[in-house]
Amino acid sequence: MAWMGVESIMRQSQKTAIISVALLAFILIAGCGTDNNVTPPGGVNVNRVWIDAVTAMSSDSDVKVDVWFANIIPLSGLEVPLAISGSGFTIDSASFKSSRLSEDILAFDKIMAPRQAVVISAVWDGSTPIDSGEGLLASLYFSLDSESRGQVLEIDSVTIDDSPGPFRLRYLHGNPLEELVPEFIKGEISVLQ
């Protein structure tokens, strides 16, 4: 009889251990998703630009939103004009730190405050185009004020007819240069209190 009690306890311990291991595996798998609300492009089998969806407070003065890109062919340049809807924010700057753009690439931004827009551009010197791959293009920095409270500030692609434009979403490749339009997934800043 004592053996039956020990055997029963051992079986119960094994069941508990199996359940614990399964639960731990589930937590690890669920917790190891993508970070920063990045929409993954599904591998480098598509030309795509996508933007983070972030949450911020209306008093935040340093909200970072990353712009990502993927290309399946080498590129000689790109242009990503973005418009931000809503009110109560300022586009402070764009940074190319830690991006896929090497030192051989001329990368720049043009912030158009009255239009609530920014143009991210990159031009290669012709000798070393950017290889196929995916990763960070630029980080945009915003300041928010109380007027932004409760809004969802959408960050979407737009065509801007402005000198020396027009600016439009496009990748440049080949010699002579050809244009192609990548897929685009808009981003947002959800502003809380």
# chains A, B, ... in the order shown; residues from 1 in each chain; ligands from 1
>>> residues_around(residues="Ile105 of chain A", least_positions_apart="5", cutoff="7 Å", atoms="only C-alpha atoms", output="list in words")
Ala122, Val123, Trp124 and Asp125 of chain A
>>> write_last_selection(atoms="all heavy atoms", output="PDB file, in the first residue's frame")
ATOM      1  N   ALA A 122      18.046  58.723 -49.617  1.00  0.00           N
ATOM      2  CA  ALA A 122      19.407  58.199 -49.602  1.00  0.00           C
ATOM      3  C   ALA A 122      19.861  58.016 -51.043  1.00  0.00           C
ATOM      4  O   ALA A 122      19.088  57.562 -51.888  1.00  0.00           O
ATOM      5  CB  ALA A 122      19.475  56.877 -48.857  1.00  0.00           C
ATOM      6  N   VAL A 123      21.093  58.404 -51.319  1.00  0.00           N
ATOM      7  CA  VAL A 123      21.665  58.275 -52.652  1.00  0.00           C
ATOM      8  C   VAL A 123      23.043  57.648 -52.506  1.00  0.00           C
ATOM      9  O   VAL A 123      23.851  58.084 -51.683  1.00  0.00           O
ATOM     10  CB  VAL A 123      21.799  59.652 -53.339  1.00  0.00           C
ATOM     11  CG1 VAL A 123      22.410  59.503 -54.713  1.00  0.00           C
ATOM     12  CG2 VAL A 123      20.456  60.355 -53.417  1.00  0.00           C
ATOM     13  N   TRP A 124      23.301  56.620 -53.291  1.00  0.00           N
ATOM     14  CA  TRP A 124      24.589  55.965 -53.259  1.00  0.00           C
ATOM     15  C   TRP A 124      25.508  56.603 -54.277  1.00  0.00           C
ATOM     16  O   TRP A 124      25.057  57.116 -55.297  1.00  0.00           O
ATOM     17  CB  TRP A 124      24.413  54.473 -53.523  1.00  0.00           C
ATOM     18  CG  TRP A 124      23.806  53.822 -52.325  1.00  0.00           C
ATOM     19  CD1 TRP A 124      24.449  53.178 -51.324  1.00  0.00           C
ATOM     20  CD2 TRP A 124      22.424  53.803 -51.973  1.00  0.00           C
ATOM     21  NE1 TRP A 124      23.561  52.758 -50.360  1.00  0.00           N
ATOM     22  CE2 TRP A 124      22.307  53.138 -50.740  1.00  0.00           C
ATOM     23  CE3 TRP A 124      21.264  54.304 -52.557  1.00  0.00           C
ATOM     24  CZ2 TRP A 124      21.100  52.941 -50.091  1.00  0.00           C
ATOM     25  CZ3 TRP A 124      20.053  54.115 -51.910  1.00  0.00           C
ATOM     26  CH2 TRP A 124      19.987  53.436 -50.703  1.00  0.00           C
ATOM     27  N   ASP A 125      26.805  56.551 -54.009  1.00  0.00           N
ATOM     28  CA  ASP A 125      27.779  57.202 -54.889  1.00  0.00           C
ATOM     29  C   ASP A 125      27.979  56.467 -56.211  1.00  0.00           C
ATOM     30  O   ASP A 125      28.753  56.881 -57.049  1.00  0.00           O
ATOM     31  CB  ASP A 125      29.120  57.360 -54.165  1.00  0.00           C
ATOM     32  CG  ASP A 125      29.751  56.019 -53.799  1.00  0.00           C
ATOM     33  OD1 ASP A 125      29.213  54.964 -54.201  1.00  0.00           O
ATOM     34  OD2 ASP A 125      30.780  56.026 -53.118  1.00  0.00           O
TER      35      ASP A 125
END
>>> select_by_dssp(residues="segment 25-189 of chain A", states="strand (DSSP E)", output="VMD selection string")
chain A and resid 48 to 51 53 to 56 63 to 71 77 to 84 89 to 95 105 to 112 117 to 124 133 to 144 152 to 157 170 to 173 178 to 180 183 to 185 187 to 189
>>> write_last_selection(atoms="C-alpha atoms", output="short mmCIF file (atom, residue, chain, number, x, y, z; two decimals), in the first residue's frame")
data_model
loop_
_atom_site.label_atom_id
_atom_site.label_comp_id
_atom_site.auth_asym_id
_atom_site.auth_seq_id
_atom_site.Cartn_x
_atom_site.Cartn_y
_atom_site.Cartn_z
CA ARG A 48 8.77 47.11 -48.49
CA VAL A 49 8.90 50.14 -46.21
CA TRP A 50 7.17 49.91 -42.84
CA ILE A 51 6.90 52.07 -39.75
CA ALA A 53 3.37 51.73 -34.10
CA VAL A 54 4.25 53.25 -30.73
CA THR A 55 2.42 54.48 -27.64
CA ALA A 56 3.35 57.76 -25.96
CA VAL A 63 9.17 60.02 -28.96
CA LYS A 64 11.12 57.72 -31.30
CA VAL A 65 9.46 56.05 -34.28
CA ASP A 66 11.58 53.76 -36.44
CA VAL A 67 11.23 53.51 -40.22
CA TRP A 68 12.30 50.13 -41.68
CA PHE A 69 12.91 48.88 -45.19
CA ALA A 70 13.51 45.66 -47.11
CA ASN A 71 14.81 45.30 -50.65
CA GLY A 77 18.82 55.25 -53.93
CA LEU A 78 15.47 55.60 -52.24
CA GLU A 79 12.94 58.23 -51.28
CA VAL A 80 10.37 57.92 -48.48
CA PRO A 81 8.12 60.98 -48.02
CA LEU A 82 5.88 60.73 -44.96
CA ALA A 83 2.95 62.82 -43.72
CA ILE A 84 1.78 62.81 -40.11
CA PHE A 89 3.30 67.45 -32.20
CA THR A 90 6.57 68.65 -33.68
CA ILE A 91 8.87 66.62 -35.92
CA ASP A 92 12.23 67.31 -34.29
CA SER A 93 14.70 65.28 -36.32
CA ALA A 94 15.59 62.12 -38.21
CA SER A 95 18.60 59.98 -37.36
CA ILE A 105 25.77 56.58 -48.71
CA LEU A 106 24.54 60.15 -48.61
CA ALA A 107 21.43 60.04 -46.42
CA PHE A 108 19.40 63.10 -45.58
CA ASP A 109 16.06 64.25 -44.32
CA LYS A 110 13.90 67.25 -45.15
CA ILE A 111 11.46 68.23 -42.43
CA MET A 112 8.50 70.24 -43.73
CA ALA A 117 5.79 65.96 -43.34
CA VAL A 118 9.32 64.62 -43.59
CA VAL A 119 11.22 63.21 -46.57
CA ILE A 120 13.87 60.55 -45.95
CA SER A 121 16.23 60.10 -48.88
CA ALA A 122 19.41 58.20 -49.60
CA VAL A 123 21.67 58.27 -52.65
CA TRP A 124 24.59 55.97 -53.26
CA GLY A 133 18.27 42.77 -47.00
CA GLU A 134 16.09 44.32 -44.35
CA GLY A 135 16.62 46.62 -41.40
CA LEU A 136 16.45 50.13 -40.04
CA LEU A 137 16.27 53.06 -42.45
CA ALA A 138 15.93 55.95 -39.98
CA SER A 139 14.55 56.93 -36.61
CA LEU A 140 12.16 59.87 -36.42
CA TYR A 141 11.95 61.94 -33.22
CA PHE A 142 8.82 63.84 -32.15
CA SER A 143 7.84 66.18 -29.32
CA LEU A 144 4.24 66.02 -28.14
CA VAL A 152 -3.71 58.46 -33.05
CA LEU A 153 -1.13 60.28 -35.15
CA GLU A 154 -0.91 58.27 -38.39
CA ILE A 155 2.39 58.24 -40.29
CA ASP A 156 1.61 57.49 -43.92
CA SER A 157 3.29 57.70 -47.30
CA ARG A 170 10.29 54.91 -54.56
CA TYR A 171 13.40 52.76 -54.81
CA LEU A 172 16.01 53.44 -57.50
CA HIS A 173 18.09 50.66 -59.04
CA GLU A 178 14.85 52.58 -62.93
CA GLU A 179 12.16 53.23 -60.32
CA LEU A 180 10.06 50.76 -58.44
CA GLU A 183 4.96 48.06 -50.56
CA PHE A 184 4.20 50.35 -47.65
CA ILE A 185 2.80 49.74 -44.15
CA GLY A 187 2.76 53.52 -38.63
CA GLU A 188 1.31 55.53 -35.81
CA ILE A 189 1.79 57.21 -32.45
#
>>> residues_around(residues="Ser146 of chain A", least_positions_apart="2", cutoff="8 Å", atoms="only C-alpha atoms", output="mmCIF file with all heavy atoms, in the first residue's frame")
data_model
loop_
_atom_site.group_PDB
_atom_site.id
_atom_site.type_symbol
_atom_site.label_atom_id
_atom_site.label_comp_id
_atom_site.auth_asym_id
_atom_site.auth_seq_id
_atom_site.Cartn_x
_atom_site.Cartn_y
_atom_site.Cartn_z
ATOM 1 N N SER A 58 1.173 62.497 -23.849
ATOM 2 C CA SER A 58 1.117 63.824 -24.472
ATOM 3 C C SER A 58 2.204 64.768 -23.956
ATOM 4 O O SER A 58 2.474 65.791 -24.572
ATOM 5 C CB SER A 58 -0.259 64.455 -24.265
ATOM 6 O OG SER A 58 -0.532 64.588 -22.886
ATOM 7 N N SER A 59 2.851 64.411 -22.876
ATOM 8 C CA SER A 59 3.928 65.249 -22.329
ATOM 9 C C SER A 59 5.313 64.799 -22.795
ATOM 10 O O SER A 59 6.318 65.404 -22.406
ATOM 11 C CB SER A 59 3.871 65.223 -20.802
ATOM 12 O OG SER A 59 4.008 63.885 -20.342
ATOM 13 N N GLY A 88 -0.711 68.809 -32.324
ATOM 14 C CA GLY A 88 -0.068 68.744 -31.016
ATOM 15 C C GLY A 88 1.265 68.046 -31.019
ATOM 16 O O GLY A 88 1.659 67.465 -30.009
ATOM 17 N N LEU A 144 5.687 65.939 -28.241
ATOM 18 C CA LEU A 144 4.237 66.024 -28.144
ATOM 19 C C LEU A 144 3.848 67.089 -27.127
ATOM 20 O O LEU A 144 4.611 67.390 -26.212
ATOM 21 C CB LEU A 144 3.658 64.674 -27.713
ATOM 22 C CG LEU A 144 4.002 63.458 -28.573
ATOM 23 C CD1 LEU A 144 3.397 62.197 -27.969
ATOM 24 C CD2 LEU A 144 3.538 63.644 -30.008
ATOM 25 N N SER A 148 -2.128 66.921 -28.321
ATOM 26 C CA SER A 148 -2.065 65.602 -28.966
ATOM 27 C C SER A 148 -2.816 64.524 -28.180
ATOM 28 O O SER A 148 -3.066 63.438 -28.702
ATOM 29 C CB SER A 148 -0.608 65.167 -29.136
ATOM 30 O OG SER A 148 -0.008 64.927 -27.869
ATOM 31 N N ARG A 149 -3.198 64.826 -26.942
ATOM 32 C CA ARG A 149 -3.821 63.842 -26.035
ATOM 33 C C ARG A 149 -5.015 63.146 -26.694
ATOM 34 O O ARG A 149 -5.887 63.766 -27.270
ATOM 35 C CB ARG A 149 -4.269 64.533 -24.757
ATOM 36 C CG ARG A 149 -4.873 63.585 -23.728
ATOM 37 C CD ARG A 149 -5.223 64.286 -22.438
ATOM 38 N NE ARG A 149 -3.999 64.749 -21.779
ATOM 39 C CZ ARG A 149 -3.782 66.002 -21.424
ATOM 40 N NH1 ARG A 149 -4.676 66.924 -21.648
ATOM 41 N NH2 ARG A 149 -2.647 66.327 -20.829
#
>>> atom_distance(atom1="atom CA of Ile72 of chain A", atom2="atom CA of Asp131 of chain A")
8.1 Å
>>> atom_distance(atom1="atom CA of Asn175 of chain A", atom2="atom CA of Thr128 of chain A")
12.8 Å
>>> atom_distance(atom1="atom CA of Pro176 of chain A", atom2="atom CA of Asp162 of chain A")
24.9 Å
>>> decode(residues="segment 112-145 of chain A", atoms="N, CA, C and O atoms", output="PDB file, in the first residue's frame")
ATOM      1  N   MET A 112       9.395  69.197 -43.238  1.00  0.00           N
ATOM      2  CA  MET A 112       8.504  70.238 -43.734  1.00  0.00           C
ATOM      3  C   MET A 112       7.449  70.499 -42.668  1.00  0.00           C
ATOM      4  O   MET A 112       6.347  69.959 -42.716  1.00  0.00           O
ATOM      5  N   ALA A 113       7.808  71.324 -41.690  1.00  0.00           N
ATOM      6  CA  ALA A 113       6.952  71.548 -40.525  1.00  0.00           C
ATOM      7  C   ALA A 113       5.545  72.024 -40.883  1.00  0.00           C
ATOM      8  O   ALA A 113       4.572  71.481 -40.365  1.00  0.00           O
ATOM      9  N   PRO A 114       5.380  73.019 -41.752  1.00  0.00           N
ATOM     10  CA  PRO A 114       4.015  73.473 -42.028  1.00  0.00           C
ATOM     11  C   PRO A 114       3.134  72.388 -42.650  1.00  0.00           C
ATOM     12  O   PRO A 114       1.928  72.387 -42.473  1.00  0.00           O
ATOM     13  N   ARG A 115       3.756  71.456 -43.362  1.00  0.00           N
ATOM     14  CA  ARG A 115       3.001  70.380 -44.005  1.00  0.00           C
ATOM     15  C   ARG A 115       2.882  69.148 -43.127  1.00  0.00           C
ATOM     16  O   ARG A 115       2.280  68.166 -43.530  1.00  0.00           O
ATOM     17  N   GLN A 116       3.504  69.165 -41.949  1.00  0.00           N
ATOM     18  CA  GLN A 116       3.549  67.998 -41.070  1.00  0.00           C
ATOM     19  C   GLN A 116       4.088  66.790 -41.829  1.00  0.00           C
ATOM     20  O   GLN A 116       3.504  65.717 -41.829  1.00  0.00           O
ATOM     21  N   ALA A 117       5.216  67.001 -42.484  1.00  0.00           N
ATOM     22  CA  ALA A 117       5.790  65.957 -43.337  1.00  0.00           C
ATOM     23  C   ALA A 117       7.304  65.921 -43.175  1.00  0.00           C
ATOM     24  O   ALA A 117       7.924  66.873 -42.709  1.00  0.00           O
ATOM     25  N   VAL A 118       7.870  64.788 -43.564  1.00  0.00           N
ATOM     26  CA  VAL A 118       9.319  64.618 -43.592  1.00  0.00           C
ATOM     27  C   VAL A 118       9.655  63.723 -44.782  1.00  0.00           C
ATOM     28  O   VAL A 118       8.903  62.800 -45.109  1.00  0.00           O
ATOM     29  N   VAL A 119      10.753  64.032 -45.455  1.00  0.00           N
ATOM     30  CA  VAL A 119      11.220  63.210 -46.569  1.00  0.00           C
ATOM     31  C   VAL A 119      12.551  62.593 -46.163  1.00  0.00           C
ATOM     32  O   VAL A 119      13.482  63.302 -45.787  1.00  0.00           O
ATOM     33  N   ILE A 120      12.626  61.260 -46.218  1.00  0.00           N
ATOM     34  CA  ILE A 120      13.872  60.545 -45.954  1.00  0.00           C
ATOM     35  C   ILE A 120      14.407  60.088 -47.301  1.00  0.00           C
ATOM     36  O   ILE A 120      13.698  59.424 -48.068  1.00  0.00           O
ATOM     37  N   SER A 121      15.637  60.457 -47.603  1.00  0.00           N
ATOM     38  CA  SER A 121      16.229  60.100 -48.882  1.00  0.00           C
ATOM     39  C   SER A 121      17.626  59.546 -48.679  1.00  0.00           C
ATOM     40  O   SER A 121      18.298  59.884 -47.709  1.00  0.00           O
ATOM     41  N   ALA A 122      18.046  58.723 -49.617  1.00  0.00           N
ATOM     42  CA  ALA A 122      19.407  58.199 -49.602  1.00  0.00           C
ATOM     43  C   ALA A 122      19.861  58.016 -51.043  1.00  0.00           C
ATOM     44  O   ALA A 122      19.088  57.562 -51.888  1.00  0.00           O
ATOM     45  N   VAL A 123      21.093  58.404 -51.319  1.00  0.00           N
ATOM     46  CA  VAL A 123      21.665  58.275 -52.652  1.00  0.00           C
ATOM     47  C   VAL A 123      23.043  57.648 -52.506  1.00  0.00           C
ATOM     48  O   VAL A 123      23.851  58.084 -51.683  1.00  0.00           O
ATOM     49  N   TRP A 124      23.301  56.620 -53.291  1.00  0.00           N
ATOM     50  CA  TRP A 124      24.589  55.965 -53.259  1.00  0.00           C
ATOM     51  C   TRP A 124      25.508  56.603 -54.277  1.00  0.00           C
ATOM     52  O   TRP A 124      25.057  57.116 -55.297  1.00  0.00           O
ATOM     53  N   ASP A 125      26.805  56.551 -54.009  1.00  0.00           N
ATOM     54  CA  ASP A 125      27.779  57.202 -54.889  1.00  0.00           C
ATOM     55  C   ASP A 125      27.979  56.467 -56.211  1.00  0.00           C
ATOM     56  O   ASP A 125      28.753  56.881 -57.049  1.00  0.00           O
ATOM     57  N   GLY A 126      27.292  55.383 -56.423  1.00  0.00           N
ATOM     58  CA  GLY A 126      27.396  54.650 -57.690  1.00  0.00           C
ATOM     59  C   GLY A 126      28.340  53.477 -57.629  1.00  0.00           C
ATOM     60  O   GLY A 126      28.280  52.589 -58.457  1.00  0.00           O
ATOM     61  N   SER A 127      29.234  53.451 -56.652  1.00  0.00           N
ATOM     62  CA  SER A 127      30.204  52.360 -56.610  1.00  0.00           C
ATOM     63  C   SER A 127      29.737  51.191 -55.744  1.00  0.00           C
ATOM     64  O   SER A 127      30.071  50.054 -56.008  1.00  0.00           O
ATOM     65  N   THR A 128      28.968  51.472 -54.699  1.00  0.00           N
ATOM     66  CA  THR A 128      28.549  50.410 -53.797  1.00  0.00           C
ATOM     67  C   THR A 128      27.064  50.558 -53.470  1.00  0.00           C
ATOM     68  O   THR A 128      26.719  51.234 -52.507  1.00  0.00           O
ATOM     69  N   PRO A 129      26.190  49.952 -54.257  1.00  0.00           N
ATOM     70  CA  PRO A 129      24.767  50.035 -53.920  1.00  0.00           C
ATOM     71  C   PRO A 129      24.474  49.231 -52.657  1.00  0.00           C
ATOM     72  O   PRO A 129      25.272  48.400 -52.244  1.00  0.00           O
ATOM     73  N   ILE A 130      23.344  49.502 -52.055  1.00  0.00           N
ATOM     74  CA  ILE A 130      22.982  48.749 -50.857  1.00  0.00           C
ATOM     75  C   ILE A 130      22.499  47.372 -51.274  1.00  0.00           C
ATOM     76  O   ILE A 130      21.696  47.232 -52.192  1.00  0.00           O
ATOM     77  N   ASP A 131      23.054  46.349 -50.635  1.00  0.00           N
ATOM     78  CA  ASP A 131      22.695  44.965 -50.942  1.00  0.00           C
ATOM     79  C   ASP A 131      21.269  44.676 -50.508  1.00  0.00           C
ATOM     80  O   ASP A 131      20.694  45.385 -49.688  1.00  0.00           O
ATOM     81  N   SER A 132      20.745  43.581 -51.019  1.00  0.00           N
ATOM     82  CA  SER A 132      19.413  43.165 -50.586  1.00  0.00           C
ATOM     83  C   SER A 132      19.457  42.826 -49.099  1.00  0.00           C
ATOM     84  O   SER A 132      20.489  42.409 -48.579  1.00  0.00           O
ATOM     85  N   GLY A 133      18.347  43.029 -48.430  1.00  0.00           N
ATOM     86  CA  GLY A 133      18.266  42.770 -47.001  1.00  0.00           C
ATOM     87  C   GLY A 133      17.135  43.549 -46.389  1.00  0.00           C
ATOM     88  O   GLY A 133      16.301  44.125 -47.083  1.00  0.00           O
ATOM     89  N   GLU A 134      17.111  43.565 -45.063  1.00  0.00           N
ATOM     90  CA  GLU A 134      16.090  44.323 -44.349  1.00  0.00           C
ATOM     91  C   GLU A 134      16.687  44.879 -43.078  1.00  0.00           C
ATOM     92  O   GLU A 134      17.638  44.328 -42.530  1.00  0.00           O
ATOM     93  N   GLY A 135      16.142  46.011 -42.628  1.00  0.00           N
ATOM     94  CA  GLY A 135      16.623  46.620 -41.403  1.00  0.00           C
ATOM     95  C   GLY A 135      16.187  48.068 -41.290  1.00  0.00           C
ATOM     96  O   GLY A 135      15.345  48.555 -42.036  1.00  0.00           O
ATOM     97  N   LEU A 136      16.811  48.755 -40.353  1.00  0.00           N
ATOM     98  CA  LEU A 136      16.450  50.129 -40.036  1.00  0.00           C
ATOM     99  C   LEU A 136      16.867  51.084 -41.150  1.00  0.00           C
ATOM    100  O   LEU A 136      17.989  51.021 -41.646  1.00  0.00           O
ATOM    101  N   LEU A 137      15.957  51.977 -41.518  1.00  0.00           N
ATOM    102  CA  LEU A 137      16.267  53.056 -42.451  1.00  0.00           C
ATOM    103  C   LEU A 137      16.600  54.326 -41.664  1.00  0.00           C
ATOM    104  O   LEU A 137      17.644  54.941 -41.872  1.00  0.00           O
ATOM    105  N   ALA A 138      15.720  54.731 -40.768  1.00  0.00           N
ATOM    106  CA  ALA A 138      15.929  55.946 -39.985  1.00  0.00           C
ATOM    107  C   ALA A 138      15.034  55.913 -38.757  1.00  0.00           C
ATOM    108  O   ALA A 138      14.049  55.182 -38.713  1.00  0.00           O
ATOM    109  N   SER A 139      15.382  56.737 -37.790  1.00  0.00           N
ATOM    110  CA  SER A 139      14.546  56.935 -36.610  1.00  0.00           C
ATOM    111  C   SER A 139      14.058  58.370 -36.624  1.00  0.00           C
ATOM    112  O   SER A 139      14.850  59.294 -36.779  1.00  0.00           O
ATOM    113  N   LEU A 140      12.752  58.543 -36.481  1.00  0.00           N
ATOM    114  CA  LEU A 140      12.156  59.874 -36.416  1.00  0.00           C
ATOM    115  C   LEU A 140      11.908  60.219 -34.952  1.00  0.00           C
ATOM    116  O   LEU A 140      11.486  59.364 -34.171  1.00  0.00           O
ATOM    117  N   TYR A 141      12.147  61.489 -34.595  1.00  0.00           N
ATOM    118  CA  TYR A 141      11.946  61.940 -33.220  1.00  0.00           C
ATOM    119  C   TYR A 141      10.900  63.046 -33.194  1.00  0.00           C
ATOM    120  O   TYR A 141      10.965  63.992 -33.979  1.00  0.00           O
ATOM    121  N   PHE A 142       9.937  62.906 -32.281  1.00  0.00           N
ATOM    122  CA  PHE A 142       8.824  63.836 -32.152  1.00  0.00           C
ATOM    123  C   PHE A 142       8.761  64.381 -30.733  1.00  0.00           C
ATOM    124  O   PHE A 142       9.113  63.691 -29.780  1.00  0.00           O
ATOM    125  N   SER A 143       8.243  65.612 -30.612  1.00  0.00           N
ATOM    126  CA  SER A 143       7.843  66.176 -29.323  1.00  0.00           C
ATOM    127  C   SER A 143       6.328  66.290 -29.351  1.00  0.00           C
ATOM    128  O   SER A 143       5.747  66.681 -30.365  1.00  0.00           O
ATOM    129  N   LEU A 144       5.687  65.939 -28.241  1.00  0.00           N
ATOM    130  CA  LEU A 144       4.237  66.024 -28.144  1.00  0.00           C
ATOM    131  C   LEU A 144       3.848  67.089 -27.127  1.00  0.00           C
ATOM    132  O   LEU A 144       4.611  67.390 -26.212  1.00  0.00           O
ATOM    133  N   ASP A 145       2.646  67.653 -27.281  1.00  0.00           N
ATOM    134  CA  ASP A 145       2.122  68.552 -26.260  1.00  0.00           C
ATOM    135  C   ASP A 145       0.694  68.143 -25.923  1.00  0.00           C
ATOM    136  O   ASP A 145       0.167  67.174 -26.485  1.00  0.00           O
TER     137      ASP A 145
END
